[in-house]
Structure formats: C-alpha cells, structure tokens
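See below for input-v9.csv, which holds CSV, N, CA and C atoms.
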chain,number,residue,atom,x,y,z
Y,1,MET,N,-20.0,-26.1,-20.4
Y,1,MET,CA,-20.9,-25.2,-19.7
Y,1,MET,C,-21.0,-23.9,-20.5
Y,2,ALA,N,-19.9,-23.3,-20.9
Y,2,ALA,CA,-20.0,-22.0,-21.6
Y,2,ALA,C,-20.7,-22.3,-23.0
Y,3,LEU,N,-20.4,-23.4,-23.6
Y,3,LEU,CA,-21.0,-23.7,-24.9
Y,3,LEU,C,-22.5,-23.8,-24.7
Y,4,ALA,N,-22.9,-24.5,-23.7
Y,4,ALA,CA,-24.4,-24.7,-23.4
Y,4,ALA,C,-25.0,-23.4,-23.2
Y,5,LEU,N,-24.4,-22.5,-22.5
Y,5,LEU,CA,-24.9,-21.1,-22.2
Y,5,LEU,C,-25.0,-20.4,-23.5
Y,6,LEU,N,-24.0,-20.4,-24.4
Y,6,LEU,CA,-24.1,-19.7,-25.7
Y,6,LEU,C,-25.2,-20.3,-26.6
Y,7,ILE,N,-25.4,-21.6,-26.5
Y,7,ILE,CA,-26.5,-22.2,-27.3
Y,7,ILE,C,-27.8,-21.7,-26.8
Y,8,ALA,N,-28.0,-21.7,-25.5
Y,8,ALA,CA,-29.2,-21.3,-24.9
Y,8,ALA,C,-29.5,-19.8,-25.2
Y,9,LEU,N,-28.5,-19.0,-25.2
Y,9,LEU,CA,-28.6,-17.6,-25.5
Y,9,LEU,C,-29.0,-17.4,-27.0
Y,10,ASN,N,-28.3,-18.2,-27.8
Y,10,ASN,CA,-28.7,-18.1,-29.3
Y,10,ASN,C,-30.1,-18.5,-29.5
Y,11,ARG,N,-30.6,-19.5,-28.9
Y,11,ARG,CA,-32.0,-19.9,-29.0
Y,11,ARG,C,-32.9,-18.8,-28.6
Y,12,ALA,N,-32.6,-18.2,-27.4
Y,12,ALA,CA,-33.5,-17.2,-26.9
Y,12,ALA,C,-33.5,-16.0,-27.9
Y,13,LEU,N,-32.4,-15.6,-28.4
Y,13,LEU,CA,-32.3,-14.5,-29.3
Y,13,LEU,C,-33.1,-14.8,-30.6
Y,14,VAL,N,-33.0,-16.0,-31.1
Y,14,VAL,CA,-33.8,-16.4,-32.3
Y,14,VAL,C,-35.3,-16.3,-32.0
Y,15,HIS,N,-35.7,-16.8,-30.8
Y,15,HIS,CA,-37.1,-16.7,-30.4
Y,15,HIS,C,-37.6,-15.2,-30.3
Y,16,VAL,N,-36.8,-14.4,-29.7
Y,16,VAL,CA,-37.1,-13.0,-29.6
Y,16,VAL,C,-37.2,-12.3,-30.9
Y,17,GLY,N,-36.2,-12.6,-31.8
Y,17,GLY,CA,-36.1,-12.1,-33.1
Y,17,GLY,C,-37.3,-12.4,-33.9
Y,18,ALA,N,-37.8,-13.7,-33.8
Y,18,ALA,CA,-39.0,-14.1,-34.5
Y,18,ALA,C,-40.2,-13.3,-34.1
Y,19,ASN,N,-40.3,-13.1,-32.8
Y,19,ASN,CA,-41.5,-12.4,-32.2
Y,19,ASN,C,-41.4,-10.9,-32.7
Y,20,VAL,N,-40.3,-10.3,-32.7
Y,20,VAL,CA,-40.1,-8.9,-33.1
Y,20,VAL,C,-40.5,-8.8,-34.6
Y,21,ALA,N,-40.0,-9.8,-35.4
Y,21,ALA,CA,-40.3,-9.8,-36.9
Y,21,ALA,C,-41.8,-9.9,-37.1
Y,22,GLU,N,-42.5,-10.7,-36.4
Y,22,GLU,CA,-43.9,-10.9,-36.5
Y,22,GLU,C,-44.6,-9.6,-36.2
Y,23,TRP,N,-44.2,-9.0,-35.1
Y,23,TRP,CA,-44.8,-7.7,-34.6
Y,23,TRP,C,-44.6,-6.6,-35.7
Y,24,LEU,N,-43.4,-6.5,-36.2
Y,24,LEU,CA,-43.1,-5.5,-37.2
Y,24,LEU,C,-43.9,-5.7,-38.5
Y,25,HIS,N,-44.0,-7.0,-38.9
Y,25,HIS,CA,-44.8,-7.3,-40.1
Y,25,HIS,C,-46.2,-6.8,-39.9
Y,26,GLU,N,-46.8,-7.1,-38.7
Y,26,GLU,CA,-48.2,-6.7,-38.4
Y,26,GLU,C,-48.3,-5.2,-38.5
Y,27,LYS,N,-47.4,-4.4,-37.8
Y,27,LYS,CA,-47.5,-3.0,-37.8
Y,27,LYS,C,-47.3,-2.4,-39.2
Y,28,PHE,N,-46.3,-2.9,-39.9
Y,28,PHE,CA,-46.0,-2.4,-41.3
Y,28,PHE,C,-47.2,-2.6,-42.2
Y,29,SER,N,-47.9,-3.8,-42.1
Y,29,SER,CA,-49.0,-4.1,-42.9
Y,29,SER,C,-50.2,-3.1,-42.7
Y,30,ARG,N,-50.3,-2.7,-41.4
Y,30,ARG,CA,-51.4,-1.8,-41.0
Y,30,ARG,C,-51.1,-0.4,-41.6
Y,31,LEU,N,-49.8,0.0,-41.4
Y,31,LEU,CA,-49.5,1.4,-41.9
Y,31,LEU,C,-49.5,1.5,-43.4
Y,32,PHE,N,-49.0,0.5,-44.1
Y,32,PHE,CA,-48.9,0.6,-45.5
Y,32,PHE,C,-49.5,-0.6,-46.2
Y,33,PRO,N,-50.9,-0.6,-46.2
Y,33,PRO,CA,-51.5,-1.8,-46.7
Y,33,PRO,C,-51.2,-2.1,-48.2
Y,34,SER,N,-50.9,-1.1,-49.0
Y,34,SER,CA,-50.5,-1.4,-50.4
Y,34,SER,C,-49.2,-2.0,-50.5
Y,35,GLN,N,-48.3,-1.9,-49.5
Y,35,GLN,CA,-47.0,-2.4,-49.6
Y,35,GLN,C,-46.8,-3.7,-48.7
Y,36,ALA,N,-47.9,-4.4,-48.5
Y,36,ALA,CA,-47.9,-5.6,-47.6
Y,36,ALA,C,-46.9,-6.6,-48.0
Y,37,LEU,N,-46.2,-7.1,-47.0
Y,37,LEU,CA,-45.1,-8.1,-47.3
Y,37,LEU,C,-45.8,-9.4,-47.7
Y,38,ARG,N,-45.2,-10.1,-48.7
Y,38,ARG,CA,-45.7,-11.3,-49.1
Y,38,ARG,C,-45.1,-12.4,-48.2
Y,39,PRO,N,-45.8,-13.5,-48.0
Y,39,PRO,CA,-45.3,-14.6,-47.2
Y,39,PRO,C,-44.1,-15.3,-47.8
Y,40,ALA,N,-43.2,-15.8,-47.0
Y,40,ALA,CA,-42.0,-16.4,-47.5
Y,40,ALA,C,-42.4,-17.7,-48.2
Y,41,THR,N,-41.7,-18.1,-49.3
Y,41,THR,CA,-41.8,-19.4,-49.9
Y,41,THR,C,-40.5,-20.1,-49.8
Y,42,ASP,N,-40.5,-21.3,-50.3
Y,42,ASP,CA,-39.3,-22.1,-50.2
Y,42,ASP,C,-38.1,-21.4,-50.9
Y,43,ARG,N,-38.4,-20.7,-51.9
Y,43,ARG,CA,-37.3,-20.0,-52.6
Y,43,ARG,C,-36.8,-18.7,-51.9
Y,44,THR,N,-37.6,-18.2,-51.0
Y,44,THR,CA,-37.3,-16.9,-50.3
Y,44,THR,C,-37.0,-17.1,-48.9
Y,45,ARG,N,-36.7,-18.3,-48.5
Y,45,ARG,CA,-36.4,-18.6,-47.0
Y,45,ARG,C,-35.2,-17.9,-46.5
Y,46,GLY,N,-34.2,-17.8,-47.3
Y,46,GLY,CA,-32.9,-17.2,-46.9
Y,46,GLY,C,-31.9,-18.3,-46.6
Y,47,ASP,N,-30.8,-17.8,-46.2
Y,47,ASP,CA,-29.6,-18.7,-46.0
Y,47,ASP,C,-29.5,-19.1,-44.5
Y,48,VAL,N,-30.3,-20.0,-44.0
Y,48,VAL,CA,-30.3,-20.3,-42.6
Y,48,VAL,C,-29.0,-20.9,-42.2
Y,49,PRO,N,-28.4,-21.9,-42.9
Y,49,PRO,CA,-27.1,-22.4,-42.4
Y,49,PRO,C,-26.0,-21.3,-42.4
Y,50,GLY,N,-26.1,-20.4,-43.3
Y,50,GLY,CA,-25.1,-19.3,-43.2
Y,50,GLY,C,-25.2,-18.5,-42.0
Y,51,TRP,N,-26.5,-18.1,-41.6
Y,51,TRP,CA,-26.7,-17.4,-40.4
Y,51,TRP,C,-26.3,-18.1,-39.1
Y,52,VAL,N,-26.5,-19.4,-39.1
Y,52,VAL,CA,-26.1,-20.2,-38.0
Y,52,VAL,C,-24.6,-20.2,-37.9
Y,53,LEU,N,-23.9,-20.4,-39.0
Y,53,LEU,CA,-22.5,-20.4,-39.0
Y,53,LEU,C,-21.9,-19.0,-38.6
Y,54,ILE,N,-22.5,-17.9,-39.0
Y,54,ILE,CA,-22.1,-16.6,-38.6
Y,54,ILE,C,-22.3,-16.4,-37.1
Y,55,THR,N,-23.4,-16.9,-36.5
Y,55,THR,CA,-23.7,-16.8,-35.1
Y,55,THR,C,-22.7,-17.6,-34.3
Y,56,LEU,N,-22.4,-18.8,-34.7
Y,56,LEU,CA,-21.5,-19.7,-34.0
Y,56,LEU,C,-20.1,-19.1,-34.1
Y,57,MET,N,-19.7,-18.6,-35.2
Y,57,MET,CA,-18.3,-18.0,-35.4
Y,57,MET,C,-18.2,-16.8,-34.5
Y,58,SER,N,-19.2,-16.0,-34.4
Y,58,SER,CA,-19.2,-14.8,-33.6
Y,58,SER,C,-19.1,-15.2,-32.1
Y,59,ALA,N,-19.8,-16.2,-31.7
Y,59,ALA,CA,-19.8,-16.7,-30.3
Y,59,ALA,C,-18.4,-17.2,-30.0
Y,60,VAL,N,-17.8,-18.0,-30.9
Y,60,VAL,CA,-16.5,-18.5,-30.6
Y,60,VAL,C,-15.4,-17.4,-30.6
Y,61,LEU,N,-15.6,-16.4,-31.4
Y,61,LEU,CA,-14.7,-15.2,-31.4
Y,61,LEU,C,-14.8,-14.4,-30.1
Y,62,VAL,N,-16.0,-14.2,-29.6
Y,62,VAL,CA,-16.2,-13.5,-28.4
Y,62,VAL,C,-15.6,-14.3,-27.2
Y,63,ALA,N,-15.8,-15.6,-27.2
Y,63,ALA,CA,-15.3,-16.5,-26.1
Y,63,ALA,C,-13.8,-16.5,-26.1
Y,64,GLY,N,-13.2,-16.5,-27.3
Y,64,GLY,CA,-11.7,-16.5,-27.5
Y,64,GLY,C,-11.1,-15.2,-27.0
Y,65,LEU,N,-11.7,-14.1,-27.4
Y,65,LEU,CA,-11.2,-12.8,-26.9
Y,65,LEU,C,-11.4,-12.6,-25.4
Y,66,LEU,N,-12.5,-13.1,-24.9
Y,66,LEU,CA,-12.7,-13.0,-23.5
Y,66,LEU,C,-11.6,-13.9,-22.7
Y,67,ALA,N,-11.3,-15.1,-23.3
Y,67,ALA,CA,-10.3,-15.9,-22.6
Y,67,ALA,C,-9.0,-15.3,-22.6
Y,68,ILE,N,-8.6,-14.6,-23.7
Y,68,ILE,CA,-7.3,-14.0,-23.9
Y,68,ILE,C,-7.3,-12.7,-23.0
Y,69,ALA,N,-8.3,-11.8,-23.2
Y,69,ALA,CA,-8.2,-10.5,-22.6
Y,69,ALA,C,-8.9,-10.5,-21.2
Y,70,GLY,N,-9.5,-11.6,-20.8
Y,70,GLY,CA,-10.2,-11.6,-19.5
Y,70,GLY,C,-9.4,-11.1,-18.3
Y,71,PRO,N,-8.2,-11.6,-18.0
Y,71,PRO,CA,-7.5,-11.2,-16.9
Y,71,PRO,C,-7.1,-9.7,-16.9
Y,72,ALA,N,-6.8,-9.2,-18.1
Y,72,ALA,CA,-6.4,-7.8,-18.3
Y,72,ALA,C,-7.7,-6.9,-18.0
Y,73,LEU,N,-8.8,-7.3,-18.5
Y,73,LEU,CA,-10.0,-6.6,-18.3
Y,73,LEU,C,-10.4,-6.6,-16.8
Y,74,GLU,N,-10.2,-7.7,-16.2
Y,74,GLU,CA,-10.5,-7.8,-14.7
Y,74,GLU,C,-9.6,-6.9,-13.9
Y,75,ARG,N,-8.3,-6.8,-14.3
Y,75,ARG,CA,-7.4,-5.9,-13.6
Y,75,ARG,C,-7.8,-4.5,-13.8
Y,76,LEU,N,-8.1,-4.1,-15.0
Y,76,LEU,CA,-8.6,-2.8,-15.4
Y,76,LEU,C,-9.8,-2.4,-14.6
Y,77,PHE,N,-10.8,-3.3,-14.5
Y,77,PHE,CA,-12.0,-3.0,-13.7
Y,77,PHE,C,-11.7,-2.8,-12.2
Y,78,THR,N,-10.8,-3.7,-11.7
Y,78,THR,CA,-10.5,-3.6,-10.3
Y,78,THR,C,-9.8,-2.3,-10.0
Y,79,GLN,N,-8.8,-1.9,-10.8
Y,79,GLN,CA,-8.1,-0.6,-10.6
Y,79,GLN,C,-9.1,0.5,-10.7
Y,80,ALA,N,-10.0,0.5,-11.6
Y,80,ALA,CA,-11.0,1.6,-11.7
Y,80,ALA,C,-11.9,1.7,-10.5
Y,81,MET,N,-12.3,0.5,-10.0
Y,81,MET,CA,-13.2,0.5,-8.8
Y,81,MET,C,-12.4,1.0,-7.5
Y,82,GLU,N,-11.1,0.7,-7.5
Y,82,GLU,CA,-10.3,1.1,-6.3
Y,82,GLU,C,-10.2,2.7,-6.3
Y,83,GLN,N,-10.2,3.3,-7.5
Y,83,GLN,CA,-10.1,4.7,-7.6
Y,83,GLN,C,-11.4,5.5,-7.2
Y,84,VAL,N,-12.5,4.8,-7.2
Y,84,VAL,CA,-13.8,5.4,-6.9
Y,84,VAL,C,-13.8,5.7,-5.4
Y,85,GLN,N,-14.2,6.9,-5.1
Y,85,GLN,CA,-14.3,7.3,-3.7
Y,85,GLN,C,-15.8,7.5,-3.3
Y,86,PRO,N,-16.1,7.0,-2.1
Y,86,PRO,CA,-17.5,7.1,-1.7
Y,86,PRO,C,-18.0,8.5,-1.4

Here is a file; write its structure as structure tokens.
Amino acid sequence: MALALLIALNRALVHVGANVAEWLHEKFSRLFPSQALRPATDRTRGDVPGWVLITLMSAVLVAGLLAIAGPALERLFTQAMEQVQP
C-alpha cells in the first residue's frame, strides 16, 4: 500500500515537473529570444535511470525514518497538542 502510494506520488511529481519545465521554457524563450533553449537530443537526454534511482532511494529513506521515528513523533505531537489551551 505504502509503496503504491509512493509510486503514484512520484508519477504525479514527474508530471507536474514536466509541465513546469515546459512553462518555464516558454517564458524564458519570450524574455530572452537570443538565448532560446535548444531541444533535447538523444545525447542530451540526461541520466533518467540515475534520477529514478535517487527518487526511489529517497522514498525508501523517508519511509524507513518514518517507521523508526514515527512513534516518537506521534508522542511529541500529542504532548504538544495537550499543552495548547483554548
């Protein structure tokens, strides 16, 4: 369940990132026409498997830290909420 959620979140972030990149490219090209970005070719695609690996490793690290520190964070939050006075 958690892995499926992380995968869905990753896909959503990739989609949003692509839209933002397209929007920025359009704005940058209008502001600086002489510095227009050239389209990517096969040689300039970037290291996609590397970014996927970094994303997955980050997700696993966050999930691991949450599993370890989750109960302590929950206690801390509960104590803080008990101290709040209406």

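The coordinates place atom C of Ala8 in chain Y at 27.3 Å from atom C of Glu26 in chain Y.
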
Quiz item: CA of Asn10 in chain Y to CA of Val52 in chain Y: how many Å, to one decimal?
Solution: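 That distance, rounded to one decimal, is 9.3 Å.
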
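For the pair atom C of Gly50 in chain Y and atom N of Trp23 in chain Y, the interatomic distance is 22.3 Å.
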